[in-house]
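Structure file upload07.txt with compact mmCIF, C-alpha atoms:
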```txt
# COMPACT_ATOMS: atom_id res chain seq x y z
CA MET O 1 -30.83 -58.83 -2.13
CA SER O 2 -33.46 -56.14 -1.57
CA GLU O 3 -33.62 -53.34 -4.11
CA ILE O 4 -34.36 -49.65 -3.51
CA LEU O 5 -37.05 -48.34 -5.83
CA ASP O 6 -36.35 -45.08 -7.67
CA GLU O 7 -39.38 -43.38 -6.14
CA ASP O 8 -38.03 -44.18 -2.66
CA SER O 9 -34.62 -42.61 -3.37
CA LEU O 10 -33.39 -39.17 -2.35
CA ILE O 11 -30.07 -39.70 -4.16
CA LYS O 12 -29.45 -41.67 -7.34
CA VAL O 13 -25.92 -42.32 -8.55
CA ASN O 14 -26.18 -43.42 -12.18
CA ASN O 15 -23.24 -45.15 -13.90
CA VAL O 16 -20.67 -42.77 -12.45
CA SER O 17 -17.02 -43.01 -13.42
CA PHE O 18 -14.44 -40.80 -11.75
CA SER O 19 -10.66 -40.57 -11.91
CA TYR O 20 -8.20 -38.56 -9.87
CA ALA O 21 -4.55 -37.98 -10.79
CA SER O 22 -4.80 -40.66 -13.51
CA LYS O 23 -6.14 -43.21 -10.99
CA GLN O 24 -9.64 -44.52 -11.61
CA ILE O 25 -11.67 -44.36 -8.40
CA TYR O 26 -15.08 -45.42 -9.77
CA LYS O 27 -16.17 -47.21 -12.92
CA ASN O 28 -19.87 -47.29 -13.79
CA LEU O 29 -20.87 -46.96 -10.14
CA SER O 30 -24.61 -47.00 -9.47
CA LEU O 31 -26.41 -46.82 -6.13
CA ASN O 32 -29.59 -45.41 -4.61
CA ILE O 33 -29.89 -43.70 -1.23
CA PRO O 34 -33.41 -44.19 0.24
CA LYS O 35 -35.31 -41.26 1.72
CA GLY O 36 -35.53 -41.04 5.51
CA LYS O 37 -33.20 -43.99 6.06
CA ILE O 38 -29.64 -44.58 7.25
CA THR O 39 -27.43 -45.91 4.47
CA ALA O 40 -23.95 -47.17 5.30
CA VAL O 41 -21.12 -47.02 2.76
CA LEU O 42 -18.37 -49.48 3.66
CA GLY O 43 -15.22 -50.71 1.99
CA PRO O 44 -11.46 -51.18 2.36
CA SER O 45 -9.24 -48.14 2.81
CA GLY O 46 -8.45 -46.28 -0.39
CA THR O 47 -11.64 -47.23 -2.22
CA GLY O 48 -12.91 -43.64 -2.41
CA LYS O 49 -15.75 -43.78 0.10
CA THR O 50 -15.34 -40.13 1.08
CA THR O 51 -15.13 -39.25 -2.62
CA ILE O 52 -18.75 -40.32 -3.10
CA LEU O 53 -19.82 -37.73 -0.52
CA ARG O 54 -17.91 -35.02 -2.37
CA LEU O 55 -19.51 -36.07 -5.64
CA ILE O 56 -22.98 -35.89 -4.10
CA GLY O 57 -22.24 -32.39 -2.85
CA ALA O 58 -20.81 -31.41 -6.27
CA GLN O 59 -17.42 -30.57 -4.81
CA LEU O 60 -16.16 -33.00 -7.43
CA THR O 61 -17.51 -33.69 -10.91
CA PRO O 62 -17.76 -37.20 -12.38
CA ASP O 63 -16.06 -38.03 -15.68
CA GLU O 64 -19.18 -39.87 -16.77
CA GLY O 65 -22.65 -40.52 -15.38
CA THR O 66 -24.99 -38.41 -13.27
CA ILE O 67 -25.87 -37.85 -9.62
CA GLU O 68 -29.40 -36.77 -8.78
CA PHE O 69 -30.57 -35.24 -5.52
CA ASP O 70 -34.36 -35.35 -5.21
CA GLY O 71 -34.59 -35.63 -8.99
CA ILE O 72 -32.12 -32.79 -9.66
CA ASN O 73 -28.86 -33.41 -11.53
CA VAL O 74 -26.52 -31.66 -9.09
CA HIS O 75 -23.75 -31.18 -11.66
CA SER O 76 -26.04 -29.39 -14.13
CA LEU O 77 -26.82 -26.53 -11.75
CA ARG O 78 -25.48 -23.02 -11.93
CA ARG O 79 -23.46 -21.79 -8.96
CA GLN O 80 -26.35 -19.99 -7.25
CA GLU O 81 -28.70 -22.93 -7.81
CA LEU O 82 -26.13 -25.31 -6.35
CA TYR O 83 -25.62 -22.95 -3.42
CA GLU O 84 -29.35 -23.12 -2.66
CA LEU O 85 -29.50 -26.89 -3.06
CA ARG O 86 -26.61 -27.40 -0.66
CA LYS O 87 -28.69 -25.83 2.09
CA ARG O 88 -30.63 -29.09 2.01
CA MET O 89 -27.44 -31.07 2.64
CA SER O 90 -25.02 -31.14 5.55
CA MET O 91 -21.73 -32.86 6.32
CA LEU O 92 -20.27 -34.13 9.57
CA PHE O 93 -16.57 -34.03 8.78
CA GLN O 94 -14.18 -36.64 10.12
CA SER O 95 -12.28 -33.95 12.04
CA GLY O 96 -15.44 -32.17 13.21
CA ALA O 97 -14.10 -29.00 11.51
CA LEU O 98 -15.25 -26.67 14.28
CA PHE O 99 -14.08 -23.07 14.12
CA SER O 100 -11.39 -22.87 16.79
CA ASP O 101 -11.97 -19.19 17.59
CA MET O 102 -15.72 -19.63 18.18
CA ASN O 103 -17.38 -21.25 21.16
CA VAL O 104 -19.77 -24.16 20.70
CA PHE O 105 -22.84 -21.91 20.61
CA ASP O 106 -21.44 -19.72 17.83
CA ASN O 107 -20.22 -22.74 15.86
CA VAL O 108 -23.76 -24.12 15.78
CA ALA O 109 -25.25 -20.68 15.12
CA PHE O 110 -22.87 -19.96 12.23
CA PRO O 111 -24.83 -21.67 9.40
CA ILE O 112 -28.10 -20.21 10.66
CA ARG O 113 -26.68 -16.70 10.67
CA GLU O 114 -25.04 -17.27 7.30
CA HIS O 115 -28.05 -18.65 5.46
CA THR O 116 -31.12 -17.19 7.17
CA LYS O 117 -32.46 -13.86 8.40
CA LEU O 118 -33.78 -15.21 11.69
CA PRO O 119 -33.62 -12.81 14.66
CA GLU O 120 -30.97 -13.54 17.29
CA GLU O 121 -33.63 -14.45 19.86
CA LEU O 122 -34.90 -17.27 17.65
CA ILE O 123 -31.37 -18.34 16.68
CA HIS O 124 -30.59 -18.62 20.39
CA ASP O 125 -33.51 -20.99 20.92
CA VAL O 126 -32.73 -23.09 17.83
CA VAL O 127 -29.06 -23.48 18.80
CA LEU O 128 -29.87 -24.54 22.35
CA MET O 129 -32.49 -26.98 21.05
CA ASN O 130 -29.93 -28.60 18.72
CA LEU O 131 -27.31 -28.73 21.46
CA GLU O 132 -29.85 -30.34 23.76
CA ALA O 133 -30.53 -32.98 21.10
CA VAL O 134 -26.88 -34.10 21.22
CA GLY O 135 -26.41 -33.66 24.96
CA MET O 136 -24.16 -30.61 24.63
CA ARG O 137 -26.28 -27.74 25.96
CA ALA O 138 -24.09 -27.35 29.04
CA ALA O 139 -21.04 -26.91 26.80
CA ALA O 140 -22.45 -23.99 24.80
CA ASN O 141 -19.85 -21.53 26.07
CA LEU O 142 -16.84 -23.83 25.73
CA TYR O 143 -14.31 -23.57 22.90
CA PRO O 144 -13.20 -26.50 20.72
CA SER O 145 -9.85 -26.67 22.54
CA GLU O 146 -11.76 -27.35 25.76
CA LEU O 147 -13.70 -30.30 24.33
CA SER O 148 -12.88 -33.98 24.25
CA GLY O 149 -12.92 -35.71 20.88
CA GLY O 150 -16.38 -37.11 21.47
CA MET O 151 -17.76 -33.77 22.63
CA ALA O 152 -16.34 -32.03 19.58
CA ARG O 153 -17.96 -34.62 17.32
CA ARG O 154 -21.32 -34.07 19.01
CA ALA O 155 -20.99 -30.29 18.73
CA ALA O 156 -20.26 -30.71 15.02
CA LEU O 157 -23.34 -32.93 14.73
CA ALA O 158 -25.47 -30.20 16.33
CA ARG O 159 -24.12 -27.78 13.73
CA SER O 160 -24.86 -30.22 10.89
CA ILE O 161 -28.58 -30.29 11.76
CA ALA O 162 -28.86 -26.54 12.45
CA LEU O 163 -30.50 -25.74 9.08
CA ASP O 164 -32.84 -28.74 9.25
CA PRO O 165 -31.33 -30.39 6.12
CA ASP O 166 -32.91 -33.26 4.23
CA LEU O 167 -29.57 -35.09 4.00
CA ILE O 168 -26.80 -35.58 6.56
CA MET O 169 -23.52 -37.07 5.34
CA TYR O 170 -21.21 -38.55 7.95
CA ASP O 171 -17.53 -38.96 7.05
CA GLU O 172 -16.02 -41.55 9.41
CA PRO O 173 -17.97 -40.34 12.48
CA PHE O 174 -16.53 -42.99 14.80
CA VAL O 175 -12.84 -42.71 13.95
CA GLY O 176 -10.59 -42.12 16.96
CA GLN O 177 -13.42 -42.52 19.46
CA ASP O 178 -13.51 -44.80 22.49
CA PRO O 179 -16.15 -47.56 22.67
CA ILE O 180 -18.49 -45.54 24.90
CA THR O 181 -18.34 -42.48 22.65
CA LYS O 182 -18.91 -44.68 19.61
CA GLY O 183 -22.04 -46.02 21.29
CA VAL O 184 -23.25 -42.48 22.01
CA LEU O 185 -22.68 -41.40 18.39
CA VAL O 186 -24.42 -44.50 17.02
CA LYS O 187 -27.45 -43.73 19.21
CA LEU O 188 -27.46 -40.06 18.15
CA ILE O 189 -27.38 -40.97 14.46
CA ALA O 190 -30.28 -43.38 14.98
CA ASP O 191 -32.25 -40.91 17.13
CA ILE O 192 -31.83 -38.04 14.64
CA ASN O 193 -32.95 -40.30 11.82
CA LYS O 194 -35.98 -41.52 13.75
CA SER O 195 -37.11 -38.27 15.38
CA LEU O 196 -36.32 -35.86 12.53
CA GLY O 197 -36.80 -38.19 9.56
CA LYS O 198 -33.45 -37.31 8.04
CA THR O 199 -31.77 -39.21 5.23
CA SER O 200 -28.32 -40.24 6.42
CA VAL O 201 -25.28 -41.51 4.51
CA VAL O 202 -22.57 -42.86 6.80
CA VAL O 203 -19.10 -43.58 5.44
CA THR O 204 -17.26 -45.70 7.98
CA HIS O 205 -14.85 -48.56 8.68
CA ASP O 206 -16.69 -49.48 11.88
CA VAL O 207 -18.75 -52.40 10.64
CA LYS O 208 -20.22 -53.57 13.95
CA GLU O 209 -21.42 -50.14 15.04
CA ILE O 210 -23.08 -49.10 11.80
CA LEU O 211 -24.77 -52.44 11.14
CA GLU O 212 -26.68 -51.92 14.38
CA VAL O 213 -28.55 -48.89 13.01
CA ALA O 214 -28.25 -48.87 9.20
CA HIS O 215 -31.29 -49.67 7.09
CA TYR O 216 -29.26 -50.36 3.95
CA VAL O 217 -25.59 -51.09 3.25
CA TYR O 218 -23.28 -50.70 0.26
CA ILE O 219 -19.80 -52.23 0.23
CA LEU O 220 -17.53 -50.59 -2.34
CA SER O 221 -14.34 -52.05 -3.78
CA GLU O 222 -12.40 -51.92 -7.01
CA GLY O 223 -14.40 -48.87 -8.14
CA THR O 224 -17.81 -50.49 -7.99
CA VAL O 225 -20.39 -52.05 -5.65
CA LEU O 226 -19.10 -55.28 -4.15
CA GLY O 227 -22.26 -56.00 -2.21
CA SER O 228 -25.48 -54.30 -1.12
CA GLY O 229 -28.57 -55.03 0.91
CA THR O 230 -30.02 -54.78 4.38
CA PRO O 231 -27.63 -55.44 7.29
CA GLN O 232 -29.16 -58.90 7.65
CA GLU O 233 -28.59 -59.66 3.97
CA ILE O 234 -24.99 -58.44 4.19
CA VAL O 235 -24.26 -60.52 7.29
CA ASN O 236 -25.78 -63.61 5.63
CA SER O 237 -24.03 -63.04 2.28
CA ASN O 238 -22.48 -66.00 0.49
CA ASP O 239 -19.94 -63.79 -1.29
CA PRO O 240 -16.52 -64.65 0.21
CA ARG O 241 -15.29 -61.09 -0.41
CA VAL O 242 -18.20 -59.62 1.56
CA ILE O 243 -17.72 -62.20 4.31
CA GLN O 244 -14.01 -61.40 4.59
CA PHE O 245 -14.65 -57.67 4.91
CA ILE O 246 -17.50 -57.98 7.40
CA GLN O 247 -15.57 -60.43 9.59
CA GLY O 248 -12.24 -58.64 9.19
CA ASP O 249 -10.40 -61.80 8.17
CA PHE O 250 -6.80 -61.58 6.99
CA ASP O 251 -7.11 -64.67 4.80
CA GLY O 252 -9.56 -64.55 1.93
CA PRO O 253 -10.10 -63.31 -1.64
CA TYR O 254 -8.34 -60.04 -0.75
CA ALA O 255 -4.66 -60.35 0.11
CA PHE O 256 -2.69 -57.60 1.81
CA LYS O 257 0.72 -57.25 0.19
CA LEU O 258 3.57 -54.81 0.31
CA LYS O 259 4.30 -52.84 -2.85
CA GLY O 260 7.21 -50.45 -2.50
CA SER O 261 6.65 -48.65 0.81
CA GLN O 262 2.84 -48.72 0.81
CA ASN O 263 0.33 -51.38 1.73
CA TYR O 264 -2.31 -52.08 -0.86
CA ILE O 265 -5.15 -54.52 -1.41
CA GLU O 266 -4.97 -56.84 -4.36
CA GLU O 267 -7.79 -59.16 -5.35
CA LEU O 268 -6.40 -62.58 -6.10
```

Go through the file and emit its structure as structure tokens.
Amino acid sequence: MSEILDEDSLIKVNNVSFSYASKQIYKNLSLNIPKGKITAVLGPSGTGKTTILRLIGAQLTPDEGTIEFDGINVHSLRRQELYELRKRMSMLFQSGALFSDMNVFDNVAFPIREHTKLPEELIHDVVLMNLEAVGMRAAANLYPSELSGGMARRAALARSIALDPDLIMYDEPFVGQDPITKGVLVKLIADINKSLGKTSVVVTHDVKEILEVAHYVYILSEGTVLGSGTPQEIVNSNDPRVIQFIQGDFDGPYAFKLKGSQNYIEEL
């Protein structure tokens, strides 16, 4: 298993434990996110994959441990310092989270207008450049209600790169998309990483799609790291739990059982 050196990491999660509503989500979780690379975070439903994104952005605070962004402990910052640091991060939400009463152009322009003092002429050029990057320039005057699911996701991606962040976090970017749209989004994530040198963290259930472009993979389960490595190392893993998840097998170390009215995963 290849290891990520500290000096190559933009984000370091150090022995983090976190509980929510008396349920422990993480216990002594540690992982490194390499600079300028695409890191995939995989795992069964209910393992708290989205929670790690919220911890990185300091929307949530760990019970124990630290999270560092470019050497800065994000949970030690004062509000204004955190506000400034977050300008270097962006999030592509699972729903897209576009403002319904703004057209695509104004949705992408919103963070630029909010966080900079650029003149409107320059904002206009920056917005159109970002829309061009995701193939949405022709849709600049459309409203979210006029977009397909894939178009809305691409518009949200244009907004997420509007401030030229160091880090882009993707929360289930492929969910609900058809195979063609998934392919488009996979290519856009790879192209943005390659052309802009962004650090990307992709939380997803879509194993096949993300393994095509990820540089490094973490599989989370039971509150800790089940497996990690390059896509090739993950695919060639000898761990039966990793193999079951990657191949989507019903039979294996993890059994799906019914407890009350909810499905849950229990390790045998």

Within 8 Å of Leu188 of chain O, counting all atoms listed in the file, which residues qualify if same-chain residues fewer than 4 places away don't, as JSON, numbers by chain? {"O": [134, 184, 192]}

Show me, as a list in words, the residues that have an atom within 9 Å of Val213 of chain O when counting all atoms listed in the file, minus same-chain residues fewer than 6 positions from it.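 My reading of the contact set: Ile38, Val186, Lys187, Ile189, Ala190 and Pro231 of chain O.
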
Gap from atom CA of Ser100 of chain O to atom CA of Arg159 of chain O - Å, one decimal: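 Going from atom CA of Ser100 of chain O over to atom CA of Arg159 of chain O covers 14.0 Å.
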
With only C-alpha atoms as the atoms that count, which of O:Thr50, O:Lys35, O:Leu42, O:Leu60 lies nearest to Ile219 of chain O? O:Leu42

Best match for closeness to Met136 of chain O among O:Val225, O:Ile180, O:Ala214, O:Ala158, counting all atoms listed in the file: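 Comparing O:Val225, O:Ile180, O:Ala214, O:Ala158 against Met136 of chain O, the winner is O:Ala158.
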
Determine, counting only C-alpha atoms, which protein, DNA and RNA residues have an atom within 7 Å of an atom of Ala40 of chain O; residues of the same chain fewer than 3 positions away are not included. Present the result as a PyMOL selection string. chain O and resi 201-203+210+214+216-218

Env of segment 167-176 of chain O: 7 Å cut, atoms = all atoms listed in the file, seq-sep filter 6 positions within chain, self excluded. Answer as a ChimeraX atom specification. /O:50,53,88-94,182,198-204

Figure out the distance between atom CA of Pro119 of chain O and atom CA of Arg137 of chain O, please, to one decimal in Å.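 Answer for the atom CA of Arg137 of chain O to atom CA of Pro119 of chain O separation: 20.1 Å.
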
Spatial neighbours of Ala109 of chain O, max dist 8 Å, all atoms listed in the file, sep filter under 5 positions, as a PyMOL selection string: chain O and resi 123-124+127+159+162

Which distance in Å separates atom CA of Val108 of chain O and atom CA of Leu128 of chain O, to one decimal? 9.0 Å

Selected residue of minimal separation from Glu64 of chain O among O:Leu163, O:Ala152, O:Leu29, O:Leu142, counting only C-alpha atoms: O:Leu29

Pick from O:Asn193, O:Asn15, O:Ser221, O:Ser160 nearest to Asn28 of chain O, counting only C-alpha atoms: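 Checking each candidate against Asn28 of chain O, we get O:Asn15 as the closest.
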
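Minimum atom-to-atom distance to Thr61 of chain O, evaluated using all atoms listed in the file, belongs to O:Tyr20 out of O:Gln80, O:Lys87, O:Tyr20, O:Glu114.
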
Sphere at (-19.9, -42.4, -13.4), radius 8 Å, counting all atoms listed in the file: residues as a PyMOL selection string: chain O and resi 13-18+26-30+62-66

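For the choices O:Phe110, O:Pro240, O:Pro144, O:Asp8, the atom-to-atom distance to Ile33 of chain O is smallest for O:Asp8 when using all atoms listed in the file.
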